[in-house]
$ cat work-v1.txt   # compact mmCIF, C-alpha atoms
# COMPACT_ATOMS: atom_id res chain seq x y z
CA MET Z 1 -76.77 -3.21 -27.04
CA GLY Z 2 -74.88 -6.37 -27.95
CA LYS Z 3 -76.47 -9.70 -28.79
CA LEU Z 4 -73.89 -12.26 -27.68
CA VAL Z 5 -74.21 -13.96 -24.31
CA TRP Z 6 -70.93 -15.71 -23.61
CA LEU Z 7 -71.15 -19.13 -21.95
CA ALA Z 8 -67.67 -19.15 -20.48
CA ALA Z 9 -65.67 -21.58 -18.37
CA TYR Z 10 -62.19 -22.96 -17.97
CA PRO Z 11 -62.18 -26.39 -19.67
CA LYS Z 12 -63.93 -29.22 -17.80
CA SER Z 13 -65.86 -26.87 -15.54
CA GLY Z 14 -69.47 -27.39 -16.64
CA ASN Z 15 -69.86 -25.35 -19.83
CA THR Z 16 -71.46 -28.21 -21.79
CA TRP Z 17 -73.84 -28.93 -18.90
CA LEU Z 18 -75.00 -25.30 -19.01
CA ARG Z 19 -75.55 -25.52 -22.76
CA ALA Z 20 -77.58 -28.73 -22.35
CA PHE Z 21 -79.74 -27.04 -19.72
CA LEU Z 22 -80.36 -24.00 -21.94
CA HIS Z 23 -81.36 -26.17 -24.90
CA ASN Z 24 -83.81 -28.11 -22.76
CA TYR Z 25 -85.19 -24.90 -21.27
CA ILE Z 26 -85.55 -23.04 -24.57
CA ALA Z 27 -86.92 -25.89 -26.69
CA GLN Z 28 -89.08 -27.55 -23.99
CA PRO Z 29 -88.69 -30.96 -25.70
CA GLN Z 30 -90.70 -34.04 -24.78
CA ALA Z 31 -87.45 -35.97 -24.23
CA PRO Z 32 -83.94 -34.81 -23.28
CA TYR Z 33 -82.33 -32.67 -25.95
CA SER Z 34 -79.51 -34.43 -27.79
CA ILE Z 35 -75.99 -33.54 -26.72
CA ASN Z 36 -75.11 -33.75 -30.42
CA ALA Z 37 -77.44 -30.85 -31.22
CA LEU Z 38 -76.08 -28.28 -28.79
CA THR Z 39 -75.24 -25.93 -31.64
CA ASP Z 40 -78.95 -25.47 -32.36
CA PHE Z 41 -79.15 -22.63 -29.85
CA SER Z 42 -75.48 -21.98 -29.11
CA ALA Z 43 -72.32 -21.47 -31.13
CA VAL Z 44 -68.74 -22.49 -30.38
CA GLU Z 45 -66.64 -19.35 -30.73
CA CYS Z 46 -63.40 -21.03 -31.75
CA ALA Z 47 -64.96 -23.25 -34.44
CA ALA Z 48 -62.95 -23.12 -37.65
CA ALA Z 49 -66.11 -22.85 -39.77
CA PHE Z 50 -66.72 -19.30 -38.49
CA PHE Z 51 -63.18 -18.17 -39.35
CA ARG Z 52 -62.80 -19.73 -42.81
CA PRO Z 53 -64.82 -17.04 -44.66
CA HIS Z 54 -62.45 -14.39 -43.34
CA ALA Z 55 -59.15 -16.29 -43.54
CA LYS Z 56 -56.79 -16.14 -46.49
CA LYS Z 57 -55.13 -19.44 -45.57
CA PRO Z 58 -56.20 -22.72 -43.98
CA VAL Z 59 -57.43 -22.10 -40.44
CA ALA Z 60 -54.87 -24.51 -38.99
CA GLN Z 61 -52.12 -22.24 -40.35
CA LEU Z 62 -53.38 -19.05 -38.71
CA THR Z 63 -50.97 -17.60 -36.18
CA PRO Z 64 -52.45 -16.33 -32.90
CA ALA Z 65 -52.04 -12.77 -34.17
CA GLU Z 66 -53.87 -13.60 -37.41
CA ALA Z 67 -56.68 -15.36 -35.57
CA GLN Z 68 -57.05 -12.38 -33.24
CA LYS Z 69 -57.32 -9.98 -36.15
CA LEU Z 70 -60.30 -11.97 -37.47
CA ARG Z 71 -62.17 -12.30 -34.18
CA PRO Z 72 -64.18 -9.03 -34.28
CA ALA Z 73 -65.57 -9.88 -37.73
CA VAL Z 74 -66.36 -13.43 -36.63
CA HIS Z 75 -68.16 -12.17 -33.53
CA HIS Z 76 -70.18 -9.76 -35.66
CA ASP Z 77 -71.17 -12.69 -37.87
CA LEU Z 78 -72.30 -14.64 -34.80
CA THR Z 79 -74.86 -11.93 -33.96
CA LYS Z 80 -76.71 -12.92 -37.15
CA LEU Z 81 -77.25 -16.56 -36.17
CA HIS Z 82 -80.52 -15.81 -34.34
CA PRO Z 83 -82.89 -12.84 -34.32
CA ASP Z 84 -82.52 -12.29 -30.57
CA LEU Z 85 -79.80 -13.29 -28.08
CA VAL Z 86 -77.06 -15.61 -29.34
CA PHE Z 87 -75.37 -17.94 -26.84
CA VAL Z 88 -71.67 -18.46 -27.55
CA LYS Z 89 -69.48 -21.02 -25.81
CA THR Z 90 -65.92 -19.97 -25.08
CA HIS Z 91 -62.96 -21.27 -23.10
CA ASN Z 92 -60.98 -18.08 -23.71
CA ALA Z 93 -60.04 -15.89 -20.80
CA ASN Z 94 -61.78 -12.52 -20.97
CA LEU Z 95 -58.54 -10.81 -21.96
CA ALA Z 96 -56.98 -9.18 -25.01
CA LEU Z 97 -54.02 -10.26 -27.13
CA HIS Z 98 -52.30 -8.42 -29.97
CA GLY Z 99 -54.59 -5.48 -29.25
CA THR Z 100 -57.79 -7.47 -29.79
CA ALA Z 101 -60.25 -8.66 -27.16
CA PHE Z 102 -61.21 -12.33 -27.10
CA CYS Z 103 -64.81 -11.24 -26.48
CA THR Z 104 -65.68 -8.20 -28.59
CA PRO Z 105 -67.36 -5.66 -26.24
CA SER Z 106 -69.50 -3.96 -28.89
CA VAL Z 107 -71.47 -7.15 -29.65
CA THR Z 108 -71.62 -8.48 -26.08
CA ALA Z 109 -74.87 -8.47 -24.11
CA GLY Z 110 -73.57 -10.39 -21.10
CA ALA Z 111 -71.91 -13.57 -19.90
CA ILE Z 112 -72.60 -16.59 -17.73
CA TYR Z 113 -69.41 -17.90 -16.17
CA ILE Z 114 -68.98 -21.27 -14.45
CA LEU Z 115 -66.07 -21.90 -12.13
CA ARG Z 116 -65.10 -25.18 -10.53
CA ASP Z 117 -62.71 -26.18 -7.77
CA PRO Z 118 -59.31 -26.25 -9.55
CA ARG Z 119 -58.37 -29.43 -7.69
CA ASP Z 120 -61.25 -31.21 -9.45
CA VAL Z 121 -60.53 -29.40 -12.73
CA ALA Z 122 -56.99 -30.79 -12.67
CA LEU Z 123 -58.27 -34.36 -12.37
CA SER Z 124 -60.92 -34.03 -15.05
CA TYR Z 125 -58.72 -32.12 -17.49
CA ALA Z 126 -55.89 -34.62 -17.07
CA ALA Z 127 -58.23 -37.53 -17.83
CA TYR Z 128 -59.58 -35.68 -20.87
CA THR Z 129 -56.23 -34.69 -22.40
CA GLY Z 130 -54.19 -37.73 -21.44
CA LEU Z 131 -51.63 -35.57 -19.66
CA SER Z 132 -50.51 -36.56 -16.19
CA VAL Z 133 -52.10 -34.79 -13.25
CA ASP Z 134 -48.78 -33.09 -12.47
CA GLU Z 135 -48.46 -31.85 -16.06
CA THR Z 136 -52.01 -30.55 -15.92
CA ILE Z 137 -51.42 -28.75 -12.62
CA ALA Z 138 -48.36 -27.09 -14.16
CA PHE Z 139 -50.36 -26.12 -17.28
CA MET Z 140 -53.09 -24.55 -15.13
CA SER Z 141 -50.52 -22.28 -13.48
CA GLN Z 142 -49.22 -20.76 -16.73
CA THR Z 143 -50.47 -17.33 -17.78
CA GLY Z 144 -49.65 -18.25 -21.37
CA ALA Z 145 -51.55 -21.55 -21.34
CA ALA Z 146 -53.37 -21.96 -24.64
CA ASN Z 147 -54.93 -24.43 -27.06
CA ARG Z 148 -53.24 -24.39 -30.45
CA GLY Z 149 -55.18 -23.92 -33.65
CA THR Z 150 -56.17 -27.01 -35.67
CA ASP Z 151 -58.30 -27.80 -38.71
CA LEU Z 152 -61.30 -27.75 -36.37
CA GLN Z 153 -60.67 -24.70 -34.22
CA VAL Z 154 -58.57 -21.58 -33.89
CA PHE Z 155 -56.16 -20.63 -31.14
CA GLU Z 156 -57.66 -20.19 -27.65
CA LEU Z 157 -55.98 -18.41 -24.73
CA LEU Z 158 -56.88 -20.00 -21.40
CA SER Z 159 -54.20 -18.31 -19.29
CA SER Z 160 -53.87 -19.69 -15.76
CA TRP Z 161 -56.91 -20.92 -13.88
CA SER Z 162 -56.68 -17.93 -11.53
CA ALA Z 163 -56.30 -15.40 -14.34
CA HIS Z 164 -59.18 -17.02 -16.22
CA VAL Z 165 -61.51 -16.78 -13.22
CA ALA Z 166 -60.44 -13.23 -12.39
CA SER Z 167 -60.87 -12.05 -15.98
CA TRP Z 168 -64.51 -13.09 -16.10
CA THR Z 169 -65.73 -12.52 -12.56
CA GLN Z 170 -64.49 -8.94 -12.32
CA ASP Z 171 -67.11 -7.85 -14.89
CA ARG Z 172 -70.29 -6.74 -13.12
CA LYS Z 173 -72.41 -7.81 -16.10
CA THR Z 174 -71.28 -11.42 -15.70
CA LEU Z 175 -73.38 -13.98 -13.83
CA SER Z 176 -70.94 -16.24 -11.99
CA LEU Z 177 -71.92 -19.76 -10.92
CA ARG Z 178 -70.01 -22.43 -9.06
CA TYR Z 179 -70.14 -25.94 -10.53
CA GLU Z 180 -70.53 -27.32 -7.04
CA ASP Z 181 -73.69 -25.26 -6.44
CA MET Z 182 -75.10 -26.52 -9.74
CA ILE Z 183 -74.66 -30.05 -8.35
CA ASN Z 184 -75.81 -29.44 -4.78
CA ALA Z 185 -78.60 -26.93 -5.37
CA PRO Z 186 -79.56 -27.14 -9.07
CA GLN Z 187 -82.99 -25.53 -8.66
CA THR Z 188 -81.43 -22.44 -7.12
CA ALA Z 189 -78.41 -22.30 -9.40
CA PHE Z 190 -80.29 -22.70 -12.67
CA ALA Z 191 -83.03 -20.36 -11.50
CA ARG Z 192 -80.31 -17.71 -11.35
CA VAL Z 193 -79.51 -18.45 -14.99
CA VAL Z 194 -83.05 -17.99 -16.27
CA SER Z 195 -83.55 -14.95 -14.05
CA TYR Z 196 -80.40 -13.40 -15.50
CA LEU Z 197 -81.87 -13.98 -18.96
CA GLY Z 198 -85.12 -12.28 -17.94
CA ASP Z 199 -87.43 -15.21 -17.18
CA ASN Z 200 -88.61 -15.76 -13.58
CA ASP Z 201 -92.03 -17.43 -13.61
CA ASN Z 202 -91.67 -20.86 -15.20
CA GLN Z 203 -90.97 -23.27 -12.35
CA ALA Z 204 -92.33 -26.33 -14.17
CA ARG Z 205 -90.26 -25.50 -17.23
CA LEU Z 206 -87.18 -24.97 -15.05
CA THR Z 207 -87.66 -28.26 -13.22
CA GLN Z 208 -88.04 -30.24 -16.44
CA ALA Z 209 -84.98 -28.63 -18.03
CA ILE Z 210 -82.91 -29.51 -14.97
CA ALA Z 211 -84.19 -33.10 -15.04
CA PHE Z 212 -83.47 -33.45 -18.77
CA SER Z 213 -79.90 -32.20 -18.35
CA ARG Z 214 -78.88 -34.35 -15.38
CA PHE Z 215 -75.38 -35.80 -15.59
CA ASP Z 216 -76.63 -39.38 -15.88
CA ILE Z 217 -78.84 -38.34 -18.83
CA LEU Z 218 -75.92 -36.66 -20.62
CA ALA Z 219 -73.55 -39.54 -19.89
CA GLY Z 220 -76.17 -42.02 -21.09
CA GLN Z 221 -76.52 -40.17 -24.38
CA GLU Z 222 -72.75 -40.22 -24.86
CA HIS Z 223 -72.63 -43.96 -24.12
CA ARG Z 224 -75.45 -44.65 -26.57
CA ASP Z 225 -74.80 -42.15 -29.37
CA GLY Z 226 -71.29 -40.83 -28.79
CA TYR Z 227 -70.49 -37.14 -28.44
CA GLN Z 228 -69.56 -35.54 -31.74
CA ALA Z 229 -67.90 -32.51 -30.14
CA HIS Z 230 -65.53 -34.73 -28.19
CA ALA Z 231 -61.97 -33.79 -29.13
CA PRO Z 232 -60.31 -36.27 -31.49
CA GLY Z 233 -57.90 -38.45 -29.56
CA ALA Z 234 -59.40 -37.62 -26.16
CA ARG Z 235 -58.47 -40.31 -23.66
CA ALA Z 236 -61.64 -40.47 -21.55
CA LYS Z 237 -65.39 -40.10 -21.81
CA PHE Z 238 -66.43 -36.46 -21.96
CA PHE Z 239 -69.09 -36.98 -19.29
CA ARG Z 240 -66.81 -38.87 -16.94
CA GLN Z 241 -68.03 -38.55 -13.32
CA GLY Z 242 -69.87 -35.30 -12.65
CA HIS Z 243 -68.94 -35.28 -8.96
CA ALA Z 244 -67.58 -32.62 -6.67
CA ALA Z 245 -64.59 -33.06 -4.34
CA ALA Z 246 -63.19 -36.16 -6.09
CA TRP Z 247 -59.79 -34.56 -5.49
CA GLN Z 248 -59.98 -35.47 -1.79
CA THR Z 249 -59.18 -39.11 -2.50
CA ALA Z 250 -57.46 -38.80 -5.90
CA LEU Z 251 -54.77 -36.15 -5.42
CA THR Z 252 -51.62 -36.51 -3.38
CA PRO Z 253 -50.93 -34.03 -0.57
CA ALA Z 254 -48.16 -32.53 -2.70
CA GLN Z 255 -50.51 -32.02 -5.64
CA VAL Z 256 -53.13 -30.40 -3.42
CA ALA Z 257 -50.50 -28.11 -1.94
CA ARG Z 258 -49.25 -27.06 -5.40
CA ILE Z 259 -52.75 -26.13 -6.58
CA GLU Z 260 -53.56 -24.26 -3.38
CA THR Z 261 -50.26 -22.39 -3.60
CA ASP Z 262 -50.86 -21.46 -7.24
CA HIS Z 263 -54.51 -20.42 -6.86
CA GLY Z 264 -55.11 -19.85 -3.16
CA GLU Z 265 -56.29 -16.25 -3.46
CA LEU Z 266 -59.06 -17.03 -5.97
CA MET Z 267 -59.93 -20.30 -4.21
CA GLN Z 268 -60.38 -18.38 -0.97
CA ARG Z 269 -62.53 -15.74 -2.66
CA PHE Z 270 -64.94 -18.33 -4.05
CA GLY Z 271 -65.16 -20.57 -1.00
CA TYR Z 272 -62.84 -23.41 -1.98
CA LEU Z 273 -60.50 -22.96 1.00
$ encode --input "work-v1.txt" --output "structure tokens"
Amino acid sequence: MGKLVWLAAYPKSGNTWLRAFLHNYIAQPQAPYSINALTDFSAVECAAAFFRPHAKKPVAQLTPAEAQKLRPAVHHDLTKLHPDLVFVKTHNANLALHGTAFCTPSVTAGAIYILRDPRDVALSYAAYTGLSVDETIAFMSQTGAANRGTDLQVFELLSSWSAHVASWTQDRKTLSLRYEDMINAPQTAFARVVSYLGDNDNQARLTQAIAFSRFDILAGQEHRDGYQAHAPGARAKFFRQGHAAAWQTALTPAQVARIETDHGELMQRFGYL
């Protein structure tokens, strides 16, 4: 059986919130766990540090094909980070490229996938990257959408929002959560997380972990201490609003129509239409 539990999401869909919750649940701290210590119990799959030992050139110079060739060895290394399950953050679609899977099956124990209304994703991702909303909507429709490799991380394949969601939610071993349910019914949503991981009888622990990972707590930490994992050059705070349905007043009718045309089938399936 594999050891890696993938914490997967399209960018700006709640992945960091899930990691904060897990750290507060696992560690049971007396105060909220620092957002700048979220690698204590989880790893970031694309981090350059994991690829350097296997690369024969600077990580920033790796082609997508070269990065893919290294991924199985990197994922095997990740299984050694902890004696039991290892949580691994990824924004990759659960697909394969150049004959290599982005999530190596032989070392995979399961996955927790968060999806968010793509109309809200477009707003949040645009604010984060500095692209216009229209540019972001177009990016989210591209099956080849990807993040290029840098000195800090290797190539990531996002694909389109619809393809990303479909790639993860079609796997029966994956626990799928909606960001909106995490906001509106956190006790129920996060209880599903701990139940999936095999723990069902710690209500007080669950309640405290939820309280310690509230959006205002995370945003307050970023305001006070900064967020070290924030992408260099990012145009907005990482923890920006934390609301659902902001698109209703922020997107134009044309922008809403474009997103619903691009992703209507998956939006319908998950209750967004």
$ residues_around --input "work-v1.txt" --residues "region 28-33 of chain Z" --least-positions-apart "3" --cutoff "9 Å" --atoms "all atoms listed in the file" --output "MDAnalysis selection string"
chainID Z and resid 20:21 23:25 36:38 205 208:209 211:213 217:218
$ atom_distance --input "work-v1.txt" --atom1 "CA of Val86 (chain Z)" --atom2 "CA of Thr169 (chain Z)"
20.5 Å
$ closest_residue --input "work-v1.txt" --among "Z:Leu78, Z:Leu266, Z:Val256, Z:Ala189" --to "Leu177 (chain Z)" --atoms "only C-alpha atoms"
Z:Ala189
$ residues_around --input "work-v1.txt" --residues "Ser167 (chain Z)" --least-positions-apart "2" --cutoff "7 Å" --atoms "only C-alpha atoms" --output "number ranges by chain"
Z: 93-95, 163-165, 169-170
$ write_last_selection --input "work-v1.txt" --atoms "C-alpha atoms" --output "PDB file, keeping the file's coordinate frame"
ATOM      1  CA  ALA Z  93     -60.040 -15.890 -20.800  1.00  0.00           C
ATOM      2  CA  ASN Z  94     -61.780 -12.520 -20.970  1.00  0.00           C
ATOM      3  CA  LEU Z  95     -58.540 -10.810 -21.960  1.00  0.00           C
ATOM      4  CA  ALA Z 163     -56.300 -15.400 -14.340  1.00  0.00           C
ATOM      5  CA  HIS Z 164     -59.180 -17.020 -16.220  1.00  0.00           C
ATOM      6  CA  VAL Z 165     -61.510 -16.780 -13.220  1.00  0.00           C
ATOM      7  CA  THR Z 169     -65.730 -12.520 -12.560  1.00  0.00           C
ATOM      8  CA  GLN Z 170     -64.490  -8.940 -12.320  1.00  0.00           C
TER       9      GLN Z 170
END
$ residues_around --input "work-v1.txt" --residues "Pro58 (chain Z)" --least-positions-apart "3" --cutoff "10 Å" --atoms "only C-alpha atoms" --output "list of chain:residue names"
Z:Ala48, Z:Phe51, Z:Arg52, Z:Ala55, Z:Gln61, Z:Leu62, Z:Thr150, Z:Asp151
$ closest_residue --input "work-v1.txt" --among "Z:Lys12, Z:Arg172, Z:Arg19, Z:Lys80" --to "Val193 (chain Z)" --atoms "only C-alpha atoms"
Z:Arg19
$ closest_residue --input "work-v1.txt" --among "Z:Asn202, Z:Thr100, Z:Ser42, Z:Gln255" --to "Leu70 (chain Z)" --atoms "only C-alpha atoms"
Z:Thr100
$ residues_around --input "work-v1.txt" --residues "region 131-143 of chain Z" --least-positions-apart "4" --cutoff "12 Å" --atoms "all atoms listed in the file" --output "number ranges by chain"
Z: 10-11, 93, 95, 118-127, 147, 157-165, 167, 234-236, 247, 250-252, 254-264
$ axis_aligned_box --input "work-v1.txt" --around "region 245-263 of chain Z" --padding-each-side "8 Å" --output "JSON"
{"center_x": -56.4, "center_y": -29.8, "center_z": -3.9, "size_x": 32.4, "size_y": 34.7, "size_z": 22.7}
$ closest_residue --input "work-v1.txt" --among "Z:Ala185, Z:Ala204, Z:Ala8, Z:Leu85" --to "Phe102 (chain Z)" --atoms "only C-alpha atoms"
Z:Ala8
$ residues_around --input "work-v1.txt" --residues "Val44 (chain Z)" --least-positions-apart "4" --cutoff "10 Å" --atoms "only C-alpha atoms" --output "list of chain:residue names"
Z:Trp6, Z:Leu7, Z:Leu38, Z:Thr39, Z:Ala48, Z:Ala49, Z:Phe50, Z:Leu78, Z:Phe87, Z:Val88, Z:Lys89, Z:Thr90, Z:His91, Z:Gln153
$ write_last_selection --input "work-v1.txt" --atoms "C-alpha atoms" --output "compact mmCIF listing (two decimals), in the coordinates of the input"
# COMPACT_ATOMS: atom_id res chain seq x y z
CA TRP Z 6 -70.93 -15.71 -23.61
CA LEU Z 7 -71.15 -19.13 -21.95
CA LEU Z 38 -76.08 -28.28 -28.79
CA THR Z 39 -75.24 -25.93 -31.64
CA ALA Z 48 -62.95 -23.12 -37.65
CA ALA Z 49 -66.11 -22.85 -39.77
CA PHE Z 50 -66.72 -19.30 -38.49
CA LEU Z 78 -72.30 -14.64 -34.80
CA PHE Z 87 -75.37 -17.94 -26.84
CA VAL Z 88 -71.67 -18.46 -27.55
CA LYS Z 89 -69.48 -21.02 -25.81
CA THR Z 90 -65.92 -19.97 -25.08
CA HIS Z 91 -62.96 -21.27 -23.10
CA GLN Z 153 -60.67 -24.70 -34.22
$ closest_residue --input "work-v1.txt" --among "Z:Phe270, Z:Ile210, Z:Leu81, Z:Val5" --to "Tyr196 (chain Z)" --atoms "all atoms listed in the file"
Z:Val5
$ atom_distance --input "work-v1.txt" --atom1 "CA of Ala146 (chain Z)" --atom2 "CA of Gly130 (chain Z)"
16.1 Å
$ closest_residue --input "work-v1.txt" --among "Z:Asp225, Z:Ser13, Z:Lys56, Z:Asp117" --to "Gln268 (chain Z)" --atoms "all atoms listed in the file"
Z:Asp117
$ atom_distance --input "work-v1.txt" --atom1 "CA of Leu22 (chain Z)" --atom2 "CA of Arg224 (chain Z)"
21.7 Å
$ build_atoms --input "work-v1.txt" --residues "region 102-115 of chain Z" --atoms "N, CA and C atoms" --output "PDB file, keeping the file's coordinate frame"
ATOM      1  N   PHE Z 102     -60.680 -11.010 -26.760  1.00  0.00           N
ATOM      2  CA  PHE Z 102     -61.210 -12.330 -27.100  1.00  0.00           C
ATOM      3  C   PHE Z 102     -62.735 -12.345 -27.105  1.00  0.00           C
ATOM      4  N   CYS Z 103     -63.359 -11.374 -26.473  1.00  0.00           N
ATOM      5  CA  CYS Z 103     -64.810 -11.240 -26.480  1.00  0.00           C
ATOM      6  C   CYS Z 103     -65.126  -9.793 -26.837  1.00  0.00           C
ATOM      7  N   THR Z 104     -65.519  -9.557 -28.065  1.00  0.00           N
ATOM      8  CA  THR Z 104     -65.680  -8.200 -28.590  1.00  0.00           C
ATOM      9  C   THR Z 104     -66.742  -7.436 -27.798  1.00  0.00           C
ATOM     10  N   PRO Z 105     -66.389  -6.366 -27.095  1.00  0.00           N
ATOM     11  CA  PRO Z 105     -67.360  -5.660 -26.240  1.00  0.00           C
ATOM     12  C   PRO Z 105     -68.574  -5.129 -26.978  1.00  0.00           C
ATOM     13  N   SER Z 106     -68.391  -4.629 -28.200  1.00  0.00           N
ATOM     14  CA  SER Z 106     -69.500  -3.960 -28.890  1.00  0.00           C
ATOM     15  C   SER Z 106     -70.643  -4.905 -29.257  1.00  0.00           C
ATOM     16  N   VAL Z 107     -70.397  -6.206 -29.303  1.00  0.00           N
ATOM     17  CA  VAL Z 107     -71.470  -7.150 -29.650  1.00  0.00           C
ATOM     18  C   VAL Z 107     -71.857  -8.020 -28.451  1.00  0.00           C
ATOM     19  N   THR Z 108     -71.376  -7.678 -27.271  1.00  0.00           N
ATOM     20  CA  THR Z 108     -71.620  -8.480 -26.080  1.00  0.00           C
ATOM     21  C   THR Z 108     -72.797  -7.944 -25.278  1.00  0.00           C
ATOM     22  N   ALA Z 109     -73.746  -8.829 -24.974  1.00  0.00           N
ATOM     23  CA  ALA Z 109     -74.870  -8.470 -24.110  1.00  0.00           C
ATOM     24  C   ALA Z 109     -74.608  -8.863 -22.666  1.00  0.00           C
ATOM     25  N   GLY Z 110     -73.852  -9.922 -22.457  1.00  0.00           N
ATOM     26  CA  GLY Z 110     -73.570 -10.390 -21.100  1.00  0.00           C
ATOM     27  C   GLY Z 110     -72.803 -11.689 -21.146  1.00  0.00           C
ATOM     28  N   ALA Z 111     -72.656 -12.317 -19.980  1.00  0.00           N
ATOM     29  CA  ALA Z 111     -71.910 -13.570 -19.900  1.00  0.00           C
ATOM     30  C   ALA Z 111     -72.370 -14.363 -18.681  1.00  0.00           C
ATOM     31  N   ILE Z 112     -72.375 -15.672 -18.844  1.00  0.00           N
ATOM     32  CA  ILE Z 112     -72.600 -16.590 -17.730  1.00  0.00           C
ATOM     33  C   ILE Z 112     -71.311 -17.382 -17.572  1.00  0.00           C
ATOM     34  N   TYR Z 113     -70.722 -17.288 -16.400  1.00  0.00           N
ATOM     35  CA  TYR Z 113     -69.410 -17.900 -16.170  1.00  0.00           C
ATOM     36  C   TYR Z 113     -69.527 -18.983 -15.098  1.00  0.00           C
ATOM     37  N   ILE Z 114     -68.994 -20.158 -15.397  1.00  0.00           N
ATOM     38  CA  ILE Z 114     -68.980 -21.270 -14.450  1.00  0.00           C
ATOM     39  C   ILE Z 114     -67.549 -21.501 -13.976  1.00  0.00           C
ATOM     40  N   LEU Z 115     -67.363 -21.528 -12.665  1.00  0.00           N
ATOM     41  CA  LEU Z 115     -66.070 -21.900 -12.130  1.00  0.00           C
ATOM     42  C   LEU Z 115     -66.199 -23.151 -11.282  1.00  0.00           C
TER      43      LEU Z 115
END
